[in-house]
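**Q** What follows is my_file.csv, made up of CSV, C-alpha atoms and all ligand atoms:
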chain,number,residue,atom,x,y,z
A,1,MET,CA,17.0,-25.9,-12.3
A,2,LYS,CA,15.5,-22.5,-11.4
A,3,ASN,CA,12.0,-23.7,-12.2
A,4,THR,CA,12.3,-27.3,-11.0
A,5,SER,CA,9.5,-28.2,-8.7
A,6,PRO,CA,10.2,-29.1,-5.0
A,7,LYS,CA,8.9,-32.6,-5.7
A,8,THR,CA,11.5,-33.2,-8.4
A,9,ILE,CA,14.3,-31.7,-6.3
A,10,LEU,CA,13.3,-33.9,-3.3
A,11,LEU,CA,13.2,-37.0,-5.6
A,12,ILE,CA,16.7,-36.3,-6.9
A,13,ILE,CA,17.9,-35.7,-3.4
A,14,ALA,CA,16.2,-39.0,-2.3
A,15,ILE,CA,17.9,-41.0,-5.0
A,16,VAL,CA,21.4,-39.4,-4.5
A,17,LEU,CA,21.2,-39.9,-0.7
A,18,ALA,CA,19.9,-43.5,-1.0
A,19,ILE,CA,22.8,-44.3,-3.4
A,20,ALA,CA,25.3,-42.5,-1.1
A,21,VAL,CA,24.1,-44.3,2.1
A,22,THR,CA,24.0,-47.7,0.3
A,23,PHE,CA,27.5,-47.2,-1.1
A,24,ALA,CA,28.9,-46.2,2.3
A,25,LEU,CA,27.3,-49.2,4.0
A,26,SER,CA,28.4,-51.6,1.3
A,27,GLN,CA,32.0,-50.4,1.9
A,28,ILE,CA,31.7,-50.9,5.6
A,29,THR,CA,30.3,-54.4,5.3
A,30,ASN,CA,32.7,-55.4,2.5
A,31,GLY,CA,34.6,-58.5,3.4
A,32,SER,CA,31.8,-60.2,5.5
A,33,SER,CA,29.6,-62.9,4.0
A,34,GLY,CA,28.6,-62.1,0.3
A,35,THR,CA,24.8,-62.8,0.5
A,36,SER,CA,24.2,-60.8,3.7
A,37,THR,CA,26.1,-57.8,2.1
A,38,PHE,CA,23.9,-57.9,-1.0
A,39,GLN,CA,20.7,-58.1,1.2
A,40,LEU,CA,22.0,-55.3,3.4
A,41,VAL,CA,22.6,-53.1,0.3
A,42,ILE,CA,19.1,-53.7,-1.1
A,43,PHE,CA,17.6,-53.2,2.4
A,44,THR,CA,19.5,-50.0,3.0
A,45,PHE,CA,18.6,-48.6,-0.4
A,46,ALA,CA,14.9,-49.4,0.1
A,47,LEU,CA,14.9,-47.9,3.6
A,48,SER,CA,16.6,-44.7,2.6
A,49,PHE,CA,14.5,-44.3,-0.5
A,50,ALA,CA,11.2,-45.1,1.3
A,51,SER,CA,12.0,-42.6,4.1
A,52,LEU,CA,12.8,-39.8,1.7
A,53,VAL,CA,9.7,-40.6,-0.4
A,54,LEU,CA,7.7,-40.3,2.8
A,55,LEU,CA,9.4,-37.0,3.5
A,56,LEU,CA,8.5,-35.9,0.0
A,57,LEU,CA,4.9,-36.9,0.5
A,58,PHE,CA,4.8,-35.0,3.8
A,59,VAL,CA,6.2,-31.9,2.2
A,60,ASN,CA,3.9,-32.2,-0.8
A,61,ILE,CA,0.6,-33.0,1.0
A,62,ILE,CA,0.9,-31.1,4.3
A,63,ILE,CA,3.2,-28.1,3.6
A,64,LEU,CA,2.6,-27.4,-0.1
A,65,ASN,CA,-1.2,-27.9,0.3
A,66,LYS,CA,-1.2,-25.4,3.2
A,67,VAL,CA,1.0,-23.0,1.4
A,68,ASN,CA,-1.2,-23.2,-1.7
A,69,LYS,CA,-4.2,-22.4,0.4
A,70,LEU,CA,-2.5,-19.5,1.9
A,71,PHE,CA,-1.6,-18.1,-1.5
A,72,ALA,CA,-5.0,-18.8,-2.8
A,73,THR,CA,-6.3,-16.5,0.0
A,74,VAL,CA,-3.6,-13.9,-0.9
A,75,LYS,CA,-4.5,-14.1,-4.6
A,76,ASN,CA,-8.2,-13.8,-3.9
A,77,PHE,CA,-7.6,-10.9,-1.6
A,78,ARG,CA,-5.6,-9.1,-4.3
A,79,LEU,CA,-8.2,-9.7,-7.0
A,80,GLN,CA,-11.0,-8.6,-4.7
A,81,SER,CA,-9.1,-5.4,-3.9
A,82,ASP,CA,-8.9,-4.8,-7.6
A,83,LYS,CA,-12.8,-5.2,-7.6
A,84,ALA,CA,-12.8,-8.5,-9.4
A,85,SER,CA,-14.3,-10.7,-6.8
A,86,VAL,CA,-13.6,-14.3,-7.9
A,87,ASN,CA,-12.8,-17.2,-5.8
A,88,ILE,CA,-9.8,-18.9,-7.4
A,89,GLU,CA,-8.0,-22.0,-6.3
A,90,TYR,CA,-4.3,-21.7,-6.3
A,91,ASN,CA,-2.2,-24.7,-7.2
A,92,SER,CA,1.5,-24.4,-7.8
A,93,ASN,CA,4.5,-26.4,-6.9
A,94,ASP,CA,6.8,-23.7,-8.1
A,95,LEU,CA,8.0,-21.7,-5.1
A,96,ASN,CA,9.2,-18.9,-7.4
A,97,ASN,CA,5.5,-18.3,-8.4
A,98,LEU,CA,4.4,-18.3,-4.8
A,99,ASN,CA,7.2,-16.0,-3.9
A,100,ASN,CA,6.4,-13.5,-6.7
A,101,GLU,CA,2.7,-13.6,-5.7
A,102,ILE,CA,3.5,-12.7,-2.1
A,103,LEU,CA,6.0,-10.0,-3.1
A,104,ALA,CA,3.4,-8.4,-5.4
A,105,TRP,CA,0.9,-8.6,-2.6
A,106,ALA,CA,3.3,-7.0,-0.1
A,107,GLU,CA,4.1,-4.2,-2.6
A,108,ASP,CA,0.3,-3.5,-3.1
A,109,ARG,CA,-0.2,-3.3,0.7
A,110,LYS,CA,2.9,-1.1,1.1
A,111,ASN,CA,1.6,1.4,-1.5
A,112,GLU,CA,-1.9,1.3,0.1
A,113,ILE,CA,-0.5,2.0,3.6
A,114,GLU,CA,1.6,4.9,2.3
A,115,GLN,CA,-1.4,6.4,0.5
A,116,LEU,CA,-3.5,6.1,3.7
A,117,LYS,CA,-0.8,7.6,5.8
A,118,LYS,CA,-0.6,10.6,3.4
A,119,LEU,CA,-4.3,11.0,3.4
A,120,GLU,CA,-4.3,10.9,7.2
A,121,VAL,CA,-1.6,13.6,7.4
A,122,TYR,CA,-3.6,15.7,4.9
A,123,ARG,CA,-6.8,15.2,6.8
A,124,ARG,CA,-5.2,16.2,10.1
A,125,GLU,CA,-3.5,19.3,8.6
A,126,PHE,CA,-6.7,20.3,6.8
A,127,LEU,CA,-8.8,20.0,9.9
A,128,GLY,CA,-6.2,22.0,11.9
A,129,ASN,CA,-6.0,24.7,9.3
A,130,VAL,CA,-9.8,25.0,8.9
A,131,SER,CA,-10.4,25.3,12.7
A,132,HIS,CA,-7.5,27.8,12.9
A,133,GLU,CA,-8.9,29.9,10.1
A,134,LEU,CA,-12.4,29.9,11.6
A,135,LYS,CA,-11.3,30.6,15.2
A,136,THR,CA,-10.3,34.3,14.7
A,137,PRO,CA,-13.6,35.5,13.2
A,138,ILE,CA,-15.7,33.4,15.7
A,139,PHE,CA,-13.8,34.8,18.7
A,140,ASN,CA,-14.1,38.3,17.3
A,141,ILE,CA,-17.9,37.9,16.9
A,142,GLN,CA,-18.1,36.5,20.4
A,143,GLY,CA,-16.1,39.5,21.8
A,144,TYR,CA,-18.4,42.0,20.1
A,145,VAL,CA,-21.6,40.3,21.1
A,146,LEU,CA,-20.4,39.9,24.8
A,147,THR,CA,-19.5,43.6,24.9
A,148,LEU,CA,-22.8,44.6,23.5
A,149,LEU,CA,-24.6,42.3,26.0
A,150,ASP,CA,-22.6,43.7,28.9
A,151,GLY,CA,-24.1,47.2,28.4
A,152,GLY,CA,-22.5,48.2,25.0
A,153,LEU,CA,-26.0,47.9,23.4
A,154,GLU,CA,-27.1,51.0,25.3
A,155,ASP,CA,-23.9,52.9,24.5
A,156,PRO,CA,-24.5,54.8,21.2
A,157,SER,CA,-20.7,55.4,20.8
A,158,ILE,CA,-20.0,51.7,20.2
A,159,ASN,CA,-23.2,49.8,19.6
A,160,ARG,CA,-23.5,50.3,15.8
A,161,ASN,CA,-19.7,50.1,15.4
A,162,TYR,CA,-19.5,46.7,17.1
A,163,LEU,CA,-22.4,45.4,15.1
A,164,VAL,CA,-20.6,46.5,11.8
A,165,ARG,CA,-17.4,44.8,13.0
A,166,ALA,CA,-19.3,41.6,13.9
A,167,GLU,CA,-20.8,41.6,10.5
A,168,LYS,CA,-17.4,41.9,8.9
A,169,SER,CA,-16.3,38.8,10.8
A,170,VAL,CA,-19.4,37.0,9.6
A,171,ASP,CA,-18.4,38.0,6.0
A,172,ARG,CA,-14.9,36.6,6.6
A,173,MET,CA,-16.4,33.3,7.7
A,174,ILE,CA,-18.6,33.2,4.6
A,175,THR,CA,-15.5,33.8,2.4
A,176,ILE,CA,-13.6,31.0,4.2
A,177,ILE,CA,-16.6,28.6,3.9
A,178,ASP,CA,-17.1,29.4,0.2
A,179,ASP,CA,-13.4,28.7,-0.6
A,180,LEU,CA,-13.5,25.5,1.5
A,181,GLU,CA,-16.6,24.4,-0.4
A,182,ALA,CA,-15.0,25.2,-3.8
A,183,ILE,CA,-11.8,23.3,-2.9
A,184,SER,CA,-13.6,20.3,-1.5
A,185,GLN,CA,-15.8,20.0,-4.6
A,186,LEU,CA,-12.7,20.3,-6.8
A,187,GLU,CA,-10.8,17.8,-4.8
A,188,THR,CA,-13.5,15.2,-4.6
A,189,GLY,CA,-14.1,15.5,-8.4
A,190,GLU,CA,-17.7,16.3,-7.5
A,191,LEU,CA,-17.5,19.4,-9.7
A,192,GLN,CA,-17.8,18.8,-13.4
A,193,ILE,CA,-16.1,21.2,-15.7
A,194,GLU,CA,-18.6,22.6,-18.3
A,195,LEU,CA,-16.7,23.4,-21.4
A,196,GLU,CA,-18.0,26.1,-23.8
A,197,ARG,CA,-16.6,28.3,-26.5
A,198,PHE,CA,-16.3,32.0,-25.3
A,199,ASP,CA,-14.3,35.1,-25.8
A,200,ILE,CA,-11.8,35.3,-22.9
A,201,ASN,CA,-11.2,39.0,-23.5
A,202,VAL,CA,-14.8,39.8,-22.9
A,203,LEU,CA,-14.7,37.7,-19.7
A,204,LEU,CA,-11.5,39.4,-18.5
A,205,LYS,CA,-12.9,42.9,-19.2
A,206,ASP,CA,-16.0,42.0,-17.0
A,207,VAL,CA,-13.7,40.8,-14.2
A,208,ILE,CA,-11.5,44.0,-14.4
A,209,ASP,CA,-14.7,46.2,-14.2
A,210,SER,CA,-15.9,44.3,-11.1
A,211,LEU,CA,-12.5,44.8,-9.4
A,212,GLU,CA,-12.0,48.4,-10.4
A,213,MET,CA,-13.1,49.9,-7.1
A,214,LYS,CA,-10.8,47.6,-5.1
A,215,ALA,CA,-7.9,48.4,-7.4
A,216,THR,CA,-8.3,52.2,-7.5
A,217,ALA,CA,-8.6,52.2,-3.6
A,218,LYS,CA,-4.9,51.3,-3.8
A,219,GLY,CA,-4.1,53.3,-6.9
A,220,ILE,CA,-3.5,50.1,-8.9
A,221,ILE,CA,-4.3,49.9,-12.6
A,222,LEU,CA,-5.6,46.6,-14.0
A,223,SER,CA,-5.2,46.5,-17.8
A,224,THR,CA,-5.2,44.1,-20.7
A,225,VAL,CA,-3.2,44.2,-23.9
A,226,ASP,CA,-5.4,43.8,-27.1
A,227,GLU,CA,-8.5,44.8,-25.2
A,228,ASN,CA,-10.8,44.6,-28.1
A,229,LYS,CA,-9.4,41.6,-29.9
A,230,PRO,CA,-11.7,38.5,-29.7
A,231,ILE,CA,-9.8,35.5,-28.3
A,232,PHE,CA,-11.9,32.3,-28.3
A,233,VAL,CA,-11.1,29.5,-25.9
A,234,LEU,CA,-12.8,26.2,-24.9
A,235,ALA,CA,-13.2,26.2,-21.1
A,236,ASP,CA,-15.5,26.5,-18.2
A,237,ARG,CA,-16.4,30.2,-18.2
A,238,PHE,CA,-17.5,30.4,-14.6
A,239,ARG,CA,-14.4,28.7,-13.3
A,240,ILE,CA,-12.0,30.7,-15.5
A,241,ARG,CA,-13.7,33.8,-14.1
A,242,GLN,CA,-12.8,32.5,-10.6
A,243,VAL,CA,-9.1,32.1,-11.8
A,244,PHE,CA,-9.0,35.7,-13.0
A,245,VAL,CA,-10.6,37.0,-9.9
A,246,ASN,CA,-8.2,35.1,-7.6
A,247,LEU,CA,-5.1,36.1,-9.6
A,248,LEU,CA,-6.2,39.8,-10.0
A,249,VAL,CA,-7.3,40.1,-6.4
A,250,ASN,CA,-3.9,38.7,-5.3
A,251,SER,CA,-2.2,41.3,-7.5
A,252,ILE,CA,-4.0,44.0,-5.7
A,253,LYS,CA,-3.6,42.5,-2.2
A,254,TYR,CA,0.2,42.0,-2.7
A,255,GLY,CA,0.7,44.9,-5.1
A,256,LYS,CA,2.4,48.2,-4.3
A,257,GLU,CA,0.4,51.4,-4.1
A,258,TYR,CA,0.1,52.9,-7.6
A,259,GLY,CA,1.3,49.8,-9.2
A,260,GLU,CA,0.0,48.0,-12.3
A,261,THR,CA,-1.2,44.6,-13.3
A,262,LYS,CA,-1.2,43.6,-16.9
A,263,VAL,CA,-2.8,40.6,-18.6
A,264,ARG,CA,-1.4,39.4,-21.9
A,265,PHE,CA,-2.4,36.6,-24.3
A,266,TYR,CA,-0.1,34.6,-26.4
A,267,ASP,CA,-1.0,32.2,-29.3
A,268,VAL,CA,0.9,29.0,-28.6
A,269,GLY,CA,-0.1,26.2,-31.0
A,270,ASN,CA,-3.4,24.7,-29.9
A,271,ASN,CA,-3.4,26.8,-26.8
A,272,ILE,CA,-3.7,30.4,-25.6
A,273,SER,CA,-1.2,31.2,-23.0
A,274,ILE,CA,-2.4,33.8,-20.5
A,275,GLU,CA,0.0,35.9,-18.4
A,276,VAL,CA,-1.0,37.9,-15.3
A,277,ALA,CA,1.9,40.1,-14.4
A,278,ASP,CA,2.2,42.6,-11.5
A,279,ASN,CA,4.9,44.9,-10.2
A,280,GLY,CA,4.0,44.2,-6.5
A,281,ILE,CA,6.0,42.9,-3.5
A,282,GLY,CA,7.1,39.7,-5.2
A,283,ILE,CA,7.8,36.4,-3.6
A,284,THR,CA,11.2,34.9,-2.6
A,285,LYS,CA,12.4,31.8,-4.4
A,286,GLU,CA,12.1,29.4,-1.5
A,287,HIS,CA,8.3,29.9,-1.3
A,288,LEU,CA,7.5,29.3,-4.9
A,289,PRO,CA,7.4,25.5,-5.0
A,290,ARG,CA,4.7,25.4,-2.2
A,291,LEU,CA,2.7,28.5,-3.3
A,292,PHE,CA,-0.2,26.4,-4.7
A,293,GLU,CA,-0.7,24.3,-1.6
A,294,ARG,CA,-3.8,24.9,0.5
A,295,PHE,CA,-3.3,27.4,3.3
A,296,TYR,CA,0.2,28.2,2.2
A,297,ARG,CA,1.0,31.8,2.7
A,298,VAL,CA,4.3,33.7,2.4
A,299,ASP,CA,3.3,36.3,5.0
A,300,LYS,CA,0.4,34.9,7.2
A,301,SER,CA,-0.5,38.2,8.9
A,302,ARG,CA,-0.4,40.2,5.7
A,303,SER,CA,-2.6,37.6,4.0
A,304,ARG,CA,-5.2,37.7,6.8
A,305,ASP,CA,-5.1,41.5,7.0
A,306,GLN,CA,-6.0,41.5,3.3
A,307,GLY,CA,-8.9,39.1,3.8
A,308,GLY,CA,-7.0,36.1,2.3
A,309,THR,CA,-7.9,32.5,3.2
A,310,GLY,CA,-4.7,30.9,1.8
A,311,LEU,CA,-6.9,28.9,-0.6
A,312,GLY,CA,-7.1,31.1,-3.6
A,313,LEU,CA,-4.1,29.7,-5.5
A,314,ALA,CA,-5.0,26.1,-4.5
A,315,ILE,CA,-8.4,26.6,-6.1
A,316,VAL,CA,-6.8,28.1,-9.2
A,317,LYS,CA,-4.5,25.1,-9.6
A,318,HIS,CA,-7.4,22.6,-9.2
A,319,ILE,CA,-9.4,24.5,-11.9
A,320,MET,CA,-6.4,24.3,-14.3
A,321,GLU,CA,-5.9,20.6,-13.6
A,322,ALA,CA,-9.6,20.0,-14.2
A,323,HIS,CA,-9.0,21.6,-17.6
A,324,ASN,CA,-5.9,19.4,-18.1
A,325,GLN,CA,-3.9,22.6,-18.2
A,326,THR,CA,-1.1,24.0,-16.0
A,327,ILE,CA,-0.3,27.1,-14.2
A,328,THR,CA,3.2,28.4,-13.3
A,329,VAL,CA,4.6,31.3,-11.4
A,330,MET,CA,7.8,33.4,-11.7
A,331,SER,CA,8.6,36.1,-9.2
A,332,THR,CA,11.3,38.4,-7.9
A,333,GLU,CA,11.1,39.9,-4.5
A,334,GLY,CA,10.5,43.6,-4.7
A,335,VAL,CA,10.0,43.5,-8.5
A,336,GLY,CA,6.8,41.6,-9.1
A,337,THR,CA,5.1,38.3,-9.9
A,338,VAL,CA,4.0,36.7,-13.1
A,339,PHE,CA,1.4,33.8,-13.2
A,340,THR,CA,1.0,32.0,-16.6
A,341,PHE,CA,-1.7,29.5,-17.4
A,342,SER,CA,-3.0,28.0,-20.7
A,343,LEU,CA,-6.4,27.2,-22.2
A,344,LYS,CA,-7.4,25.4,-25.3
A,345,LYS,CA,-8.1,27.5,-28.3
A,346,ALA,CA,-11.6,27.3,-29.9
A,401,LIG,P1,-4.3,34.2,0.2
A,401,LIG,O1,-5.7,34.1,0.5
A,401,LIG,O2,-3.4,34.2,1.4
A,401,LIG,O3,-4.0,35.4,-0.8
A,401,LIG,P2,-3.5,32.5,-2.0
A,401,LIG,O4,-3.6,31.0,-2.1
A,401,LIG,O5,-4.3,33.3,-3.0
A,401,LIG,O6,-3.9,32.8,-0.5
A,401,LIG,O7,-2.0,32.9,-2.1
A,401,LIG,C1,-1.0,32.2,-1.3
A,401,LIG,C2,0.1,33.2,-1.0
A,401,LIG,O8,0.8,33.5,-2.1
A,401,LIG,C3,-0.4,34.5,-0.4
A,401,LIG,O9,-0.6,34.5,1.0
A,401,LIG,C4,0.8,35.4,-0.8
A,401,LIG,O10,1.8,35.3,0.2
A,401,LIG,C5,1.3,34.8,-2.1
A,401,LIG,N1,0.9,35.5,-3.3
A,401,LIG,C6,-0.1,35.2,-4.1
A,401,LIG,N2,-0.2,36.0,-5.2
A,401,LIG,C7,0.8,36.9,-5.0
A,401,LIG,C8,1.2,38.0,-5.8
A,401,LIG,N3,0.6,38.4,-6.9
A,401,LIG,N4,2.3,38.7,-5.3
A,401,LIG,C9,2.9,38.4,-4.2
A,401,LIG,N5,2.6,37.3,-3.4
A,401,LIG,C10,1.5,36.6,-3.8
Starting from the file, give its structure as structure tokens.
**A**
Amino acid sequence: MKNTSPKTILLIIAIVLAIAVTFALSQITNGSSGTSTFQLVIFTFALSFASLVLLLLFVNIIILNKVNKLFATVKNFRLQSDKASVNIEYNSNDLNNLNNEILAWAEDRKNEIEQLKKLEVYRREFLGNVSHELKTPIFNIQGYVLTLLDGGLEDPSINRNYLVRAEKSVDRMITIIDDLEAISQLETGELQIELERFDINVLLKDVIDSLEMKATAKGIILSTVDENKPIFVLADRFRIRQVFVNLLVNSIKYGKEYGETKVRFYDVGNNISIEVADNGIGITKEHLPRLFERFYRVDKSRSRDQGGTGLGLAIVKHIMEAHNQTITVMSTEGVGTVFTFSLKKA
């Protein structure tokens, strides 16, 4: 019965109703002249049957045809949105099929709208964050330039100093724009990962050397266990360098004076697991789930004071995802933070 077509249902109803009306009328007219009763029965049956068949034709031709056209449009629209642009005719008398078709279509549209809403929120947040980040250095530069134009240029006690400060703000803007460029390339998939076999210990040593001055300024020691042991991985060397830089710079920025950051490697099946552990200020539990989001900072002013853009960990996460690998964080406030990521062994 579930899959009976509307035509069949109407036909059954037509017959049942015709019989019922005929029977009722035959009962009413029972007792009057025999021939006229028989004629009345035949006439009533024919009349009921004809009117219901007309109704059936009306439903079939006018309504079902129109409904089929409507669903053909829906189906074509669905197929076209799946990039298979074909013009199909839809012809079904089964209302269940039609119903399923429209439900599937509605579900597709609902998902699409939700996705668009998310993107819209992301776009608005992103634009707001970018303009907020750029505002501070731009206003600083404007302040220094105006002061210099207002006579500061002739004042040897501030002229050079203000130019140096303006230059620092320009540097800050360049850092923000570089990070924004990196993140937008990673997010749009524009940036292709170039895999190569290399010794990650050599790369790490190079990064540690380049950050030594920054670390010693705070009395922090950056070190690696198994310094001279070759550890080969298959990854994008340039991007993994960026991962190390971002994690180690963070360990300095959020490290305690005279602290220590240690990098360890673990052999785990097909992968090498890499751990960057510091004994810095740590992060409270409630911040950990959002730490890898763009512009997310535990302490905004501390991050900005340290030259942070709030994009470093988001970039790191994207790089790991592009390698089909993951990164996790564990931290205890006041004790330290450990970031762990993995790479394919080579
Ligand atoms: P930022 O440019 O602000 O450093 P990141 O994306 O690199 O941005 O880091 C996001 C936030 O995570 C930082 O603002 C900081 O609050 C926190 N954080 C990152 N690394 C550490 C760490 N090693 N120790 C403590 N906090 C950290």
**Q** Nearest to ligand LIG 401 (chain A) among A:Asp236, A:Thr224, A:Ile193, A:Leu180, with distances taken over all atoms listed in the file: which residue is it?
**A** A:Leu180
**Q** Neighbouring residues of ligand LIG 401 (chain A) are defined here as those with any atom at most 6 Å from a ligand atom, counting all atoms listed in the file; list them as a list in words.
**A**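 Protein and nucleic-acid residues within 6 Å of ligand LIG 401 (chain A): Asn250, Ser251, Tyr254, Gly280, Ile281, Gly282, Ile283, Leu291, Tyr296, Arg297, Val298, Asp299, Ser303, Gly308, Thr309, Gly310, Leu311, Gly312, Leu313, Ala314 and Thr337 of chain A.
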**Q** Find the residues around Ile176 of chain A up to 12 Å (only C-alpha atoms counted), leave out those fewer than 6 positions away in its own chain, and share them as a ChimeraX atom specification.
**A** /A:129-138,169-170,182-183,295,304,307-312
**Q** Nearest residue to Ala104 of chain A out of A:Ile220, A:Ala235, A:Ile9, A:Leu79, using all atoms listed in the file?
**A** A:Leu79
**Q** So the first atom is atom CA of Leu119 of chain A and the second is atom CA of Thr73 of chain A; what is the distance between them in Å, to one decimal place?
**A** 27.8 Å
**Q** Quick check, in Å to one decimal: how far apart do atom CA of Gly151 of chain A and atom CA of Asp305 of chain A lie?
**A**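 Computing the Euclidean distance for atom CA of Gly151 of chain A and atom CA of Asp305 of chain A yields 29.2 Å.
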**Q** Kindly give the distance, in Å, that separates atom CA of Gln115 of chain A and atom CA of Asn324 of chain A, rounded to a single decimal.
**A**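 These two atoms are separated by 23.1 Å.
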**Q** May I have the residues within 12 Å of Ala20 of chain A as a list in words, using only C-alpha atoms and disregarding those fewer than 4 positions away in the same chain?
**A**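 Those residues are Ile13, Ala14, Ile15, Val16, Ala24, Leu25, Ser26, Gln27, Val41, Thr44, Phe45, Ser48 and Phe49 of chain A.
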**Q** Need to verify the contact set: Leu248 of chain A, 8 Å, only C-alpha atoms, exclusion of same-chain residues closer than 3 positions in sequence. Can you return it as a PyMOL selection string?
**A** chain A and resi 222+244-245+251-252+261+276
**Q** Write a file of the selected residues as a PDB file, in the coordinates of the input, keeping C-alpha atoms.
**A**
ATOM      1  CA  LEU A 222      -5.600  46.600 -14.000  1.00  0.00           C
ATOM      2  CA  PHE A 244      -9.000  35.700 -13.000  1.00  0.00           C
ATOM      3  CA  VAL A 245     -10.600  37.000  -9.900  1.00  0.00           C
ATOM      4  CA  SER A 251      -2.200  41.300  -7.500  1.00  0.00           C
ATOM      5  CA  ILE A 252      -4.000  44.000  -5.700  1.00  0.00           C
ATOM      6  CA  THR A 261      -1.200  44.600 -13.300  1.00  0.00           C
ATOM      7  CA  VAL A 276      -1.000  37.900 -15.300  1.00  0.00           C
TER       8      VAL A 276
END
**Q** When you count all atoms listed in the file, which of these residues is closest to Ile231 of chain A: A:Thr147, A:Asn100, A:Asn201, A:Asn60?
**A**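 Selected residue with least distance to Ile231 of chain A: A:Asn201.
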**Q** For each of A:Ser331, A:Thr326, A:Asn246, A:Asn65, take the minimum atom-to-atom distance to Asn279 of chain A, counting only C-alpha atoms, then give the residue where this is smallest.
**A**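 Among the listed residues, the smallest separation from Asn279 of chain A belongs to A:Ser331.
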